[in-house]
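For reference, the structure discussed in these notes is given below.
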Amino acid sequence: MPTINLGKIAEVLNCPPPAQGALTAITGVAALEDAGPTELSLLTSEKYLKQFAATRAAAVLVDKKVKLRPDAPPACVLWVDDAELAMARVLELFAPPTPRPPSGVDATAQVDSTAQLADGVAVGPLTVIGARCRIGRETVIHAGVILSDDVSIGETCEIFPHVTIRQRITIGHRVTIHANSVLGTDGFGYRWDGSRHVKVPQIGTVVIEDDVEIGSCVCIDRAKFGVTRIGKGTKIDNLVQIAHNVTIGPHCIIVGQAGLAGSAKLGAGVVLGGQAAVRDHIVIGDGAMAAACAAIAEDVEAGAIVSGMPALPHRQSLREQAALRRLPDLVVQVRKLQEREGKDQD
Amino acid sequence: MPTINLGKIAEVLNCPPPAQGALTAITGVAALEDAGPTELSLLTSEKYLKQFAATRAAAVLVDKKVKLRPDAPPACVLWVDDAELAMARVLELFAPPTPRPPSGVDATAQVDSTAQLADGVAVGPLTVIGARCRIGRETVIHAGVILSDDVSIGETCEIFPHVTIRQRITIGHRVTIHANSVLGTDGFGYRWDGSRHVKVPQIGTVVIEDDVEIGSCVCIDRAKFGVTRIGKGTKIDNLVQIAHNVTIGPHCIIVGQAGLAGSAKLGAGVVLGGQAAVRDHIVIGDGAMAAACAAIAEDVEAGAIVSGMPALPHRQSLREQAALRRLPDLVVQVRKLQEREGKDQD
Amino acid sequence: MPTINLGKIAEVLNCPPPAQGALTAITGVAALEDAGPTELSLLTSEKYLKQFAATRAAAVLVDKKVKLRPDAPPACVLWVDDAELAMARVLELFAPPTPRPPSGVDATAQVDSTAQLADGVAVGPLTVIGARCRIGRETVIHAGVILSDDVSIGETCEIFPHVTIRQRITIGHRVTIHANSVLGTDGFGYRWDGSRHVKVPQIGTVVIEDDVEIGSCVCIDRAKFGVTRIGKGTKIDNLVQIAHNVTIGPHCIIVGQAGLAGSAKLGAGVVLGGQAAVRDHIVIGDGAMAAACAAIAEDVEAGAIVSGMPALPHRQSLREQAALRRLPDLVVQVRKLQEREGKDQD
């Protein structure tokens, strides 16, 4: 990682320079308890004052809302409006470059002669690109990727190893797909003919809009007909299942291991927590949020927060859970009421 | 996609020809709201009459049970017994062929000299086939597949990219395995020797019977000893976990992200909803169904429907959920009863 | 598989030799109902006496705690202290070798000239090893593995096909990683800038300590900064999600499809059941156990057993579930109490 002096960091963060140590060379970033004497750390809350007091960090980004104790350590303090946000900017300074294949096609890649690769495209070793694929400028396709025929990928995308993209899939610009994900598998659809499940052809496709990021081991199935669509700027974590004909709006966040059944429809800015499940044909309104493990079996209004199994409005879920904590006692109380009532009636 | 005229479609569906427009050229299939003037759509329920009234589709498959309003659009109507089923047949007409490697072995594939490939087998680029593998007639193995030694695959199977099949696995005829799935990983078994987990050898295998379809990123582990078996005609969705020594009967449906722990046993025609979980050694009878997210910790009788966590008979689950919705009020009611009783006793 | 005579098996198990048949050749191992006349089986509980009575097995390992009926079959009995443990030892005798590429680098592998491979390393076909990777003695890297730059792997590890390991990851000795898993994907972190999710660089890494085994299709993300760490001797099943900055202690067991959100911290010897979920920043103490499907949203003390959604101490969970089974009746009982009270007050 690069070495950057503290004054430069303060300048980038547009915060007051440190009282001293502007020339201190910072070599990286670490948590308060892990940081060495040339590293920068952060303090976001008074919960961590103890770790702050003991830190060996050269300097600490401290949230303006935090009150330091007099026993604060000798570390330089950079006061910032939002330590998390400031740290995100610092990480950009220290981020080492991702190893990428160089521009051009590796000698061991198998690129069909009818594929069109724009300027600056990089294709790594042992990658396969099918007939009539079109790859936009500066897009990087790492080693061991397999694109079937008629795949279209926009500009400055990055496709990591062992991704499989099936035929006729369209991907926008600035899309990242992490390792071992699969786009365009047939949707899961059968009809029972009385003796066996007969496959319903899945002749649709998948569209990934601009600025989407897709994690590892994610499955996004092609539509039965029409399109399975992931909206602009949406971010999808690892091991997520997206069934045929799902529509996800722009700027959604889908956390790891969540699953969306066929034809589910998410508006803009929806957040699904980890392992959340969405039933087929459910509609979730703009800006709605589902807690981790929520099992969504009914439509969710825009802006609503839901949780639980089945998912309910979060306040109701909390109220029911609180009541459930008291239920074993309640059973006893009701029995006593019945007994005493019985006596009264004797 | 091909162009097919509407009269031909009516003929295939064995339904009355349209009043007019038998010669209209149909170029594809779309939902009512998406269809263009050369596309066919479908109407399965009166819920969608509004979309039907506004559709630009050339023609619509309409379920006989649907009552149309007088303001129906000018689209030709094909009356059918079951619009979903009729559409499945139409999709077969329009389904574009799946891109496949040609018969023979790609020059970049690595096929062991002891492997036996029957007539018409296709092996894609950069695929590896181990010693003593046997591949049946007309089977297609796409690019980037890895078969270890002694794998047996039947006739007219299709194995998609980045599938890994470990040693000594047997696969029947007409089996499809979608991209990035793994068959034959060691079962997850250890014994604690007082200081560490010692691996229990997993020396069994996996048998996939005829006509099975397996989604993407599915894991099916080899047995500790004996066999992990997937029955004839069973269909498995993406990201499903099937542990060692599981036995799945014929014609089951296992929806995405479901998980079966070791030695679970499913009868014939069992349906597991998405994210359903089955505890180890559980037995599920023929034709039983588990709702999405059901957590099955006890045996399930044939024909039963279960849901919830823990999974209960579905009616009981619904009754408990309905009662749970009223629980916060119930707590208050009981408190009031207690208070009034207290007063009575004063 | 090898053939081993029964006397030899008794000797290895250090148990009394069979009354007869010490010279019987055993060819393998099977369940009581599946075993043929040259196979060994096991009986762990009286639950399976019926299968025992009908078995065709040549011999059966019987737990000393089991009482046999007089109608026991003619199979030789080997009495052992713990039939499961004894069988694990027998499986070691019968375990066929795992097919592995031979020592050296396959001609089709792409190994960067700056990578350092120690003696006895095996690299399979079509594997890619990036710049400055270091691979320890006797480590086996199967076909189709992709290591990015600066990956360090210890001695006698085994990395199965289609594994992706991203840059700067460190792996200890005797580590096994099963097929199609991904280590070192960027952690899932964004900040909302008012109009879009901006990626927070994930500049940290992953450390896998000695003797870890990782299943198939597992995702372990790199830290935002610092390290995502899997402790010595921990075993991870298939399809598990481990987010950035998670710390897992030594000798944990993480069952299939479990998910750990960012910065979760597990002590030593923790067991997470299948599909269990752990919220971000949660701390789970040494030796704690979570049942399958537990949704852990609060810290768990050392040694605690938790279950349910949300996860509660297991006893409490059971008590609440028992009460919930009675809740529909309770609603009726309270209504009746209210009605009678109403009458009393008339």
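Numbering starts fresh at 1 for the residues of each chain in the structure tokens, the chains themselves are lettered A, B, ... in the order given, and ligands are numbered from 1 as they appear.
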Least-squares align chain B to chain C using all Cα atoms paired by position, then dump the moved coordinates as a compact mmCIF listing (two decimals) with C-alpha atoms, in the first residue's frame.
# COMPACT_ATOMS: atom_id res chain seq x y z
CA MET B 1 -12.20 -50.54 -2.68
CA PRO B 2 -9.79 -52.83 -0.90
CA THR B 3 -10.75 -56.19 0.66
CA ILE B 4 -9.96 -56.54 4.36
CA ASN B 5 -10.67 -59.55 6.50
CA LEU B 6 -12.78 -59.23 9.59
CA GLY B 7 -10.03 -60.25 12.01
CA LYS B 8 -7.91 -57.37 10.74
CA ILE B 9 -10.82 -54.96 11.24
CA ALA B 10 -11.31 -56.19 14.83
CA GLU B 11 -7.60 -55.70 15.40
CA VAL B 12 -7.68 -52.11 14.13
CA LEU B 13 -10.71 -51.39 16.30
CA ASN B 14 -9.01 -53.00 19.27
CA CYS B 15 -12.18 -54.96 19.99
CA PRO B 16 -12.68 -58.67 20.77
CA PRO B 17 -12.33 -60.75 17.61
CA PRO B 18 -15.58 -62.19 16.27
CA ALA B 19 -16.61 -65.59 17.61
CA GLN B 20 -16.30 -66.91 14.06
CA GLY B 21 -15.52 -65.55 10.63
CA ALA B 22 -12.25 -63.79 11.43
CA LEU B 23 -11.15 -64.71 7.92
CA THR B 24 -14.30 -63.42 6.20
CA ALA B 25 -13.26 -61.00 3.46
CA ILE B 26 -15.04 -57.66 3.83
CA THR B 27 -15.35 -55.61 0.65
CA GLY B 28 -17.04 -52.50 1.93
CA VAL B 29 -19.50 -50.84 4.22
CA ALA B 30 -23.26 -50.33 3.96
CA ALA B 31 -26.38 -49.57 6.00
CA LEU B 32 -28.09 -52.60 7.59
CA GLU B 33 -30.82 -52.70 4.94
CA ASP B 34 -28.44 -52.23 2.01
CA ALA B 35 -25.50 -54.43 3.02
CA GLY B 36 -24.61 -57.45 0.94
CA PRO B 37 -23.03 -60.68 2.24
CA THR B 38 -19.45 -59.35 2.06
CA GLU B 39 -20.17 -55.98 3.66
CA LEU B 40 -19.86 -54.59 7.15
CA SER B 41 -22.64 -52.59 8.77
CA LEU B 42 -23.30 -50.91 12.12
CA LEU B 43 -25.97 -50.87 14.80
CA THR B 44 -25.99 -47.80 17.01
CA SER B 45 -29.35 -48.09 18.74
CA GLU B 46 -32.19 -50.49 19.49
CA LYS B 47 -34.30 -48.37 17.13
CA TYR B 48 -32.79 -50.36 14.28
CA LEU B 49 -33.12 -53.89 15.71
CA LYS B 50 -35.63 -54.76 13.02
CA GLN B 51 -33.19 -53.85 10.25
CA PHE B 52 -30.50 -55.69 12.15
CA ALA B 53 -32.62 -58.85 12.30
CA ALA B 54 -33.07 -58.72 8.52
CA THR B 55 -29.59 -57.67 7.46
CA ARG B 56 -27.56 -59.68 4.96
CA ALA B 57 -24.32 -58.07 6.18
CA ALA B 58 -21.36 -60.31 6.86
CA ALA B 59 -20.71 -58.54 10.12
CA VAL B 60 -22.05 -55.68 12.18
CA LEU B 61 -20.35 -53.23 14.51
CA VAL B 62 -22.67 -53.14 17.53
CA ASP B 63 -22.58 -50.52 20.23
CA LYS B 64 -22.02 -52.08 23.65
CA LYS B 65 -25.01 -50.19 24.99
CA VAL B 66 -27.39 -51.99 22.56
CA LYS B 67 -29.28 -55.05 23.82
CA LEU B 68 -29.71 -57.64 21.08
CA ARG B 69 -32.80 -59.82 20.85
CA PRO B 70 -32.55 -63.63 20.69
CA ASP B 71 -33.66 -63.52 17.04
CA ALA B 72 -30.48 -61.75 16.00
CA PRO B 73 -29.26 -62.64 12.50
CA PRO B 74 -26.32 -64.89 11.76
CA ALA B 75 -24.12 -61.84 11.03
CA CYS B 76 -20.91 -61.75 13.03
CA VAL B 77 -21.06 -59.15 15.75
CA LEU B 78 -18.12 -56.94 16.67
CA TRP B 79 -18.88 -55.32 20.03
CA VAL B 80 -17.50 -51.79 20.21
CA ASP B 81 -17.67 -48.91 22.66
CA ASP B 82 -18.98 -46.45 20.11
CA ALA B 83 -20.25 -47.82 16.80
CA GLU B 84 -20.14 -44.41 15.04
CA LEU B 85 -16.54 -43.87 16.03
CA ALA B 86 -15.58 -47.44 15.16
CA MET B 87 -17.20 -47.02 11.75
CA ALA B 88 -15.26 -43.80 11.16
CA ARG B 89 -12.08 -45.82 11.67
CA VAL B 90 -13.27 -48.55 9.34
CA LEU B 91 -14.10 -45.97 6.68
CA GLU B 92 -10.48 -44.84 6.82
CA LEU B 93 -9.48 -48.40 5.93
CA PHE B 94 -11.81 -48.56 2.97
CA ALA B 95 -11.51 -44.98 1.73
CA PRO B 96 -10.43 -45.04 -1.90
CA PRO B 97 -7.81 -42.43 -2.77
CA THR B 98 -9.06 -39.10 -4.06
CA PRO B 99 -8.04 -38.61 -7.69
CA ARG B 100 -5.39 -35.90 -7.79
CA PRO B 101 -3.19 -34.39 -10.44
CA PRO B 102 0.38 -35.70 -10.21
CA SER B 103 3.15 -33.60 -8.70
CA GLY B 104 4.30 -30.87 -10.99
CA VAL B 105 2.49 -28.38 -13.15
CA ASP B 106 0.11 -29.55 -15.87
CA ALA B 107 1.09 -28.38 -19.31
CA THR B 108 -2.17 -26.46 -19.69
CA ALA B 109 -1.92 -24.61 -16.36
CA GLN B 110 -0.92 -20.94 -16.43
CA VAL B 111 1.54 -20.28 -13.63
CA ASP B 112 3.09 -16.83 -13.40
CA SER B 113 6.85 -16.87 -13.58
CA THR B 114 7.12 -15.09 -10.22
CA ALA B 115 5.05 -17.69 -8.36
CA GLN B 116 6.97 -19.98 -5.99
CA LEU B 117 5.92 -23.60 -5.85
CA ALA B 118 7.56 -25.78 -3.20
CA ASP B 119 8.52 -29.43 -3.67
CA GLY B 120 5.78 -31.85 -4.39
CA VAL B 121 3.17 -29.28 -5.36
CA ALA B 122 0.62 -30.54 -7.90
CA VAL B 123 -1.14 -28.12 -10.23
CA GLY B 124 -3.95 -29.55 -12.36
CA PRO B 125 -5.00 -28.71 -15.91
CA LEU B 126 -6.26 -25.27 -16.83
CA THR B 127 -5.44 -23.79 -13.44
CA VAL B 128 -4.21 -20.20 -13.19
CA ILE B 129 -1.71 -19.04 -10.56
CA GLY B 130 -0.98 -15.33 -10.36
CA ALA B 131 2.10 -13.27 -9.69
CA ARG B 132 4.07 -13.78 -6.48
CA CYS B 133 1.86 -16.63 -5.22
CA ARG B 134 3.59 -19.01 -2.82
CA ILE B 135 2.41 -22.61 -2.58
CA GLY B 136 3.73 -24.87 0.19
CA ARG B 137 5.09 -28.41 -0.03
CA GLU B 138 2.80 -31.22 -1.20
CA THR B 139 -0.16 -28.94 -1.73
CA VAL B 140 -2.56 -30.08 -4.45
CA ILE B 141 -4.32 -27.56 -6.64
CA HIS B 142 -6.85 -29.32 -8.80
CA ALA B 143 -7.95 -28.45 -12.32
CA GLY B 144 -9.61 -25.15 -13.08
CA VAL B 145 -8.62 -23.26 -9.94
CA ILE B 146 -7.89 -19.54 -10.25
CA LEU B 147 -5.52 -17.80 -7.84
CA SER B 148 -5.06 -14.07 -8.31
CA ASP B 149 -1.78 -12.39 -7.33
CA ASP B 150 0.01 -12.64 -3.98
CA VAL B 151 -1.93 -15.63 -2.68
CA SER B 152 -0.09 -17.64 -0.06
CA ILE B 153 -1.04 -21.27 0.57
CA GLY B 154 0.66 -23.49 3.15
CA GLU B 155 1.75 -27.13 3.02
CA THR B 156 -0.38 -30.20 2.19
CA CYS B 157 -3.44 -28.18 1.34
CA GLU B 158 -5.99 -29.28 -1.24
CA ILE B 159 -7.88 -26.83 -3.43
CA PHE B 160 -10.65 -28.34 -5.55
CA PRO B 161 -11.84 -27.29 -9.02
CA HIS B 162 -13.34 -23.91 -9.83
CA VAL B 163 -12.24 -22.34 -6.57
CA THR B 164 -11.46 -18.64 -6.97
CA ILE B 165 -9.00 -17.02 -4.56
CA ARG B 166 -8.58 -13.30 -4.96
CA GLN B 167 -5.43 -11.29 -4.32
CA ARG B 168 -3.41 -11.12 -1.09
CA ILE B 169 -5.20 -14.00 0.70
CA THR B 170 -3.26 -16.14 3.18
CA ILE B 171 -4.05 -19.80 3.78
CA GLY B 172 -2.37 -22.00 6.40
CA HIS B 173 -1.32 -25.63 6.33
CA ARG B 174 -3.53 -28.67 5.81
CA VAL B 175 -6.44 -26.56 4.57
CA THR B 176 -9.04 -28.06 2.21
CA ILE B 177 -11.24 -25.88 0.03
CA HIS B 178 -13.94 -27.68 -1.92
CA ALA B 179 -15.11 -26.93 -5.40
CA ASN B 180 -16.52 -23.60 -6.59
CA SER B 181 -15.89 -21.62 -3.40
CA VAL B 182 -14.72 -18.01 -3.49
CA LEU B 183 -12.32 -16.33 -1.08
CA GLY B 184 -11.59 -12.64 -1.02
CA THR B 185 -14.49 -11.02 -2.85
CA ASP B 186 -14.86 -7.37 -1.84
CA GLY B 187 -16.92 -6.97 1.32
CA PHE B 188 -20.42 -5.58 0.73
CA GLY B 189 -20.04 -1.96 1.75
CA TYR B 190 -21.46 1.24 0.26
CA ARG B 191 -22.23 4.73 1.40
CA TRP B 192 -25.20 6.66 0.04
CA ASP B 193 -24.13 10.01 -1.34
CA GLY B 194 -27.64 11.35 -1.82
CA SER B 195 -28.11 9.98 -5.31
CA ARG B 196 -26.35 6.63 -5.46
CA HIS B 197 -24.55 3.95 -3.47
CA VAL B 198 -20.82 4.66 -3.59
CA LYS B 199 -18.57 1.68 -3.05
CA VAL B 200 -16.43 1.74 0.10
CA PRO B 201 -13.06 0.27 -0.89
CA GLN B 202 -12.45 -3.11 0.70
CA ILE B 203 -8.70 -3.10 1.12
CA GLY B 204 -8.31 -5.81 3.75
CA THR B 205 -7.73 -9.49 3.30
CA VAL B 206 -8.69 -13.01 4.42
CA VAL B 207 -6.66 -15.34 6.62
CA ILE B 208 -7.53 -19.03 6.76
CA GLU B 209 -5.67 -20.70 9.61
CA ASP B 210 -4.32 -24.28 9.68
CA ASP B 211 -6.55 -27.35 9.42
CA VAL B 212 -9.61 -25.50 8.18
CA GLU B 213 -11.97 -27.28 5.78
CA ILE B 214 -14.29 -25.21 3.60
CA GLY B 215 -17.19 -26.72 1.63
CA SER B 216 -18.44 -25.97 -1.86
CA CYS B 217 -19.92 -22.66 -3.05
CA VAL B 218 -18.82 -20.94 0.15
CA CYS B 219 -18.15 -17.18 0.02
CA ILE B 220 -15.65 -15.58 2.41
CA ASP B 221 -15.28 -11.85 1.77
CA ARG B 222 -12.16 -9.78 2.30
CA ALA B 223 -12.17 -7.25 5.13
CA LYS B 224 -12.94 -3.58 4.64
CA PHE B 225 -9.57 -3.16 6.34
CA GLY B 226 -7.74 -5.64 8.49
CA VAL B 227 -8.66 -9.29 8.19
CA THR B 228 -11.57 -11.69 7.83
CA ARG B 229 -10.27 -14.66 9.82
CA ILE B 230 -11.22 -18.34 10.00
CA GLY B 231 -9.65 -19.96 13.05
CA LYS B 232 -7.56 -23.09 13.21
CA GLY B 233 -9.44 -26.35 12.78
CA THR B 234 -12.78 -24.75 11.95
CA LYS B 235 -15.00 -26.64 9.50
CA ILE B 236 -17.40 -24.88 7.14
CA ASP B 237 -20.12 -26.64 5.16
CA ASN B 238 -21.49 -25.74 1.70
CA LEU B 239 -23.11 -22.47 0.61
CA VAL B 240 -22.09 -20.53 3.74
CA GLN B 241 -21.76 -16.75 3.55
CA ILE B 242 -19.03 -15.08 5.63
CA ALA B 243 -19.03 -11.32 5.30
CA HIS B 244 -16.18 -8.85 5.65
CA ASN B 245 -14.32 -8.58 8.95
CA VAL B 246 -15.94 -11.66 10.44
CA THR B 247 -13.70 -13.44 12.96
CA ILE B 248 -14.33 -17.12 13.55
CA GLY B 249 -12.42 -18.78 16.36
CA PRO B 250 -10.75 -22.19 16.31
CA HIS B 251 -12.60 -25.51 16.03
CA CYS B 252 -15.99 -24.06 15.09
CA ILE B 253 -18.58 -25.94 13.02
CA ILE B 254 -20.62 -23.87 10.57
CA VAL B 255 -23.34 -25.94 8.91
CA GLY B 256 -24.66 -25.47 5.37
CA GLN B 257 -26.26 -22.22 4.24
CA ALA B 258 -25.49 -20.41 7.49
CA GLY B 259 -24.68 -16.73 7.07
CA LEU B 260 -22.55 -14.35 9.14
CA ALA B 261 -22.92 -10.62 8.59
CA GLY B 262 -20.08 -8.12 8.77
CA SER B 263 -17.77 -8.08 11.82
CA ALA B 264 -19.58 -10.93 13.58
CA LYS B 265 -17.20 -12.60 16.01
CA LEU B 266 -17.34 -16.25 17.03
CA GLY B 267 -15.26 -17.67 19.87
CA ALA B 268 -13.73 -21.14 20.00
CA GLY B 269 -15.77 -24.25 19.36
CA VAL B 270 -18.95 -22.47 18.35
CA VAL B 271 -21.51 -24.51 16.40
CA LEU B 272 -23.91 -22.81 13.99
CA GLY B 273 -26.70 -25.01 12.61
CA GLY B 274 -27.79 -25.00 8.99
CA GLN B 275 -29.27 -21.75 7.67
CA ALA B 276 -28.47 -19.99 10.95
CA ALA B 277 -28.01 -16.23 10.54
CA VAL B 278 -25.77 -13.97 12.60
CA ARG B 279 -26.32 -10.21 12.58
CA ASP B 280 -23.40 -7.85 11.99
CA HIS B 281 -21.12 -7.07 14.97
CA ILE B 282 -22.64 -9.87 17.09
CA VAL B 283 -20.29 -11.64 19.50
CA ILE B 284 -20.81 -15.35 20.20
CA GLY B 285 -18.91 -16.82 23.14
CA ASP B 286 -16.80 -19.99 23.24
CA GLY B 287 -18.67 -23.23 22.92
CA ALA B 288 -22.03 -21.65 22.20
CA MET B 289 -24.40 -23.50 19.91
CA ALA B 290 -27.12 -22.19 17.61
CA ALA B 291 -29.82 -24.50 16.28
CA ALA B 292 -30.55 -24.71 12.57
CA CYS B 293 -32.36 -21.61 11.27
CA ALA B 294 -31.59 -19.60 14.42
CA ALA B 295 -31.59 -15.86 13.66
CA ILE B 296 -29.05 -14.41 16.06
CA ALA B 297 -29.58 -10.71 16.63
CA GLU B 298 -28.00 -10.32 20.08
CA ASP B 299 -24.71 -11.43 21.63
CA VAL B 300 -24.61 -15.02 22.84
CA GLU B 301 -22.77 -16.00 26.01
CA ALA B 302 -20.15 -18.70 26.10
CA GLY B 303 -21.68 -22.13 26.38
CA ALA B 304 -25.22 -20.94 25.65
CA ILE B 305 -27.57 -22.82 23.35
CA VAL B 306 -29.90 -20.66 21.30
CA SER B 307 -32.67 -21.31 18.80
CA GLY B 308 -35.53 -19.64 17.01
CA MET B 309 -36.19 -16.41 15.20
CA PRO B 310 -35.16 -14.24 16.87
CA ALA B 311 -32.77 -16.61 18.60
CA LEU B 312 -33.40 -17.03 22.33
CA PRO B 313 -31.94 -19.34 24.95
CA HIS B 314 -33.09 -22.73 23.74
CA ARG B 315 -35.15 -23.57 26.87
CA GLN B 316 -37.01 -20.29 26.54
CA SER B 317 -37.57 -20.94 22.86
CA LEU B 318 -39.03 -24.35 23.65
CA ARG B 319 -41.24 -22.91 26.37
CA GLU B 320 -42.55 -20.20 24.06
CA GLN B 321 -43.14 -22.68 21.27
CA ALA B 322 -45.06 -24.96 23.64
CA ALA B 323 -47.17 -21.99 24.72
CA LEU B 324 -47.69 -20.95 21.11
CA ARG B 325 -49.12 -24.39 20.36
CA ARG B 326 -51.79 -23.56 22.97
CA LEU B 327 -52.36 -19.96 21.92
CA PRO B 328 -55.42 -20.51 19.68
CA ASP B 329 -57.17 -22.22 22.60
CA LEU B 330 -56.01 -19.50 24.95
CA VAL B 331 -57.70 -16.86 22.82
CA VAL B 332 -60.97 -18.76 23.18
CA GLN B 333 -60.51 -19.27 26.90
CA VAL B 334 -59.93 -15.57 27.47
CA ARG B 335 -63.00 -14.69 25.43
CA LYS B 336 -65.08 -17.04 27.58
CA LEU B 337 -63.67 -15.56 30.75
CA GLN B 338 -64.59 -12.11 29.48
CA GLU B 339 -68.10 -13.23 28.54
CA ARG B 340 -68.73 -14.85 31.89
CA GLU B 341 -67.28 -11.87 33.69
CA GLY B 342 -69.64 -9.68 31.65
CA LYS B 343 -72.56 -11.84 32.81
CA ASP B 344 -71.39 -11.72 36.40
CA GLN B 345 -71.42 -7.96 36.18
CA ASP B 346 -74.94 -7.82 34.75
Handout entry: All strand (DSSP E) positions in region 38-146 of chain A, as an MDAnalysis selection string
Key = chainID A and resid 39:43 59:63 76:80 104:105 110:111 116:117 122:123 128:129 134:135 140:141 146
Quick one: write out the picked residues with N, CA and C atoms as a compact mmCIF listing (two decimals), in the first residue's frame?
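Once written, selection-v9.txt looks like this:
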# COMPACT_ATOMS: atom_id res chain seq x y z
N GLU A 39 -0.18 3.66 11.50
CA GLU A 39 -1.50 3.46 10.90
C GLU A 39 -2.53 4.46 11.42
N LEU A 40 -3.55 4.62 10.61
CA LEU A 40 -4.66 5.51 10.92
C LEU A 40 -5.84 4.65 11.37
N SER A 41 -6.59 5.13 12.37
CA SER A 41 -7.77 4.40 12.80
C SER A 41 -8.96 5.36 12.87
N LEU A 42 -10.08 4.88 13.39
CA LEU A 42 -11.25 5.75 13.49
C LEU A 42 -12.01 5.48 14.78
N LEU A 43 -12.69 6.52 15.26
CA LEU A 43 -13.51 6.43 16.47
C LEU A 43 -14.87 7.01 16.12
N ALA A 59 -2.69 8.14 14.26
CA ALA A 59 -3.73 9.16 14.21
C ALA A 59 -5.09 8.48 14.14
N VAL A 60 -6.10 9.24 14.56
CA VAL A 60 -7.45 8.67 14.60
C VAL A 60 -8.44 9.69 14.02
N LEU A 61 -9.28 9.22 13.11
CA LEU A 61 -10.39 10.04 12.65
C LEU A 61 -11.48 9.98 13.72
N VAL A 62 -11.84 11.10 14.30
CA VAL A 62 -12.83 11.08 15.38
C VAL A 62 -14.06 11.87 14.94
N ASP A 63 -15.18 11.26 15.13
CA ASP A 63 -16.46 11.87 14.83
C ASP A 63 -16.68 13.08 15.74
N CYS A 76 -2.61 11.57 17.18
CA CYS A 76 -3.18 12.78 16.57
C CYS A 76 -4.66 12.54 16.32
N VAL A 77 -5.44 13.55 16.52
CA VAL A 77 -6.87 13.45 16.24
C VAL A 77 -7.22 14.30 15.04
N LEU A 78 -7.91 13.70 14.08
CA LEU A 78 -8.50 14.47 12.99
C LEU A 78 -10.01 14.50 13.23
N TRP A 79 -10.53 15.68 13.55
CA TRP A 79 -11.98 15.78 13.79
C TRP A 79 -12.72 15.83 12.46
N VAL A 80 -13.71 14.97 12.32
CA VAL A 80 -14.46 14.91 11.05
C VAL A 80 -15.96 14.84 11.34
N GLY A 104 -6.30 -6.42 -24.12
CA GLY A 104 -6.04 -7.42 -25.15
C GLY A 104 -6.55 -8.77 -24.71
N VAL A 105 -6.40 -9.73 -25.57
CA VAL A 105 -6.95 -11.06 -25.32
C VAL A 105 -5.81 -12.02 -25.00
N GLN A 110 -10.49 -18.20 -25.48
CA GLN A 110 -11.16 -18.68 -26.70
C GLN A 110 -12.25 -17.68 -27.06
N VAL A 111 -11.95 -16.80 -27.98
CA VAL A 111 -12.90 -15.76 -28.37
C VAL A 111 -13.42 -16.06 -29.76
N GLN A 116 -17.34 -9.03 -30.89
CA GLN A 116 -16.79 -7.68 -31.10
C GLN A 116 -16.29 -7.12 -29.77
N LEU A 117 -14.98 -6.89 -29.71
CA LEU A 117 -14.38 -6.35 -28.49
C LEU A 117 -13.94 -4.92 -28.77
N ALA A 122 -9.97 -6.11 -21.82
CA ALA A 122 -8.99 -7.11 -21.37
C ALA A 122 -9.70 -8.43 -21.17
N VAL A 123 -9.14 -9.48 -21.74
CA VAL A 123 -9.71 -10.82 -21.59
C VAL A 123 -8.63 -11.72 -21.01
N VAL A 128 -13.76 -17.89 -22.16
CA VAL A 128 -14.45 -18.26 -23.40
C VAL A 128 -15.49 -17.19 -23.73
N ILE A 129 -15.45 -16.67 -24.92
CA ILE A 129 -16.43 -15.67 -25.35
C ILE A 129 -17.10 -16.17 -26.62
N ARG A 134 -20.76 -8.81 -27.66
CA ARG A 134 -20.20 -7.47 -27.82
C ARG A 134 -19.75 -6.96 -26.46
N ILE A 135 -18.48 -6.55 -26.38
CA ILE A 135 -17.90 -6.13 -25.10
C ILE A 135 -17.45 -4.68 -25.26
N VAL A 140 -13.14 -5.30 -18.33
CA VAL A 140 -12.17 -6.33 -17.95
C VAL A 140 -12.89 -7.64 -17.70
N ILE A 141 -12.51 -8.66 -18.43
CA ILE A 141 -13.05 -10.00 -18.19
C ILE A 141 -11.89 -10.86 -17.70
N ILE A 146 -16.94 -17.61 -18.60
CA ILE A 146 -17.55 -18.20 -19.80
C ILE A 146 -18.79 -17.42 -20.19
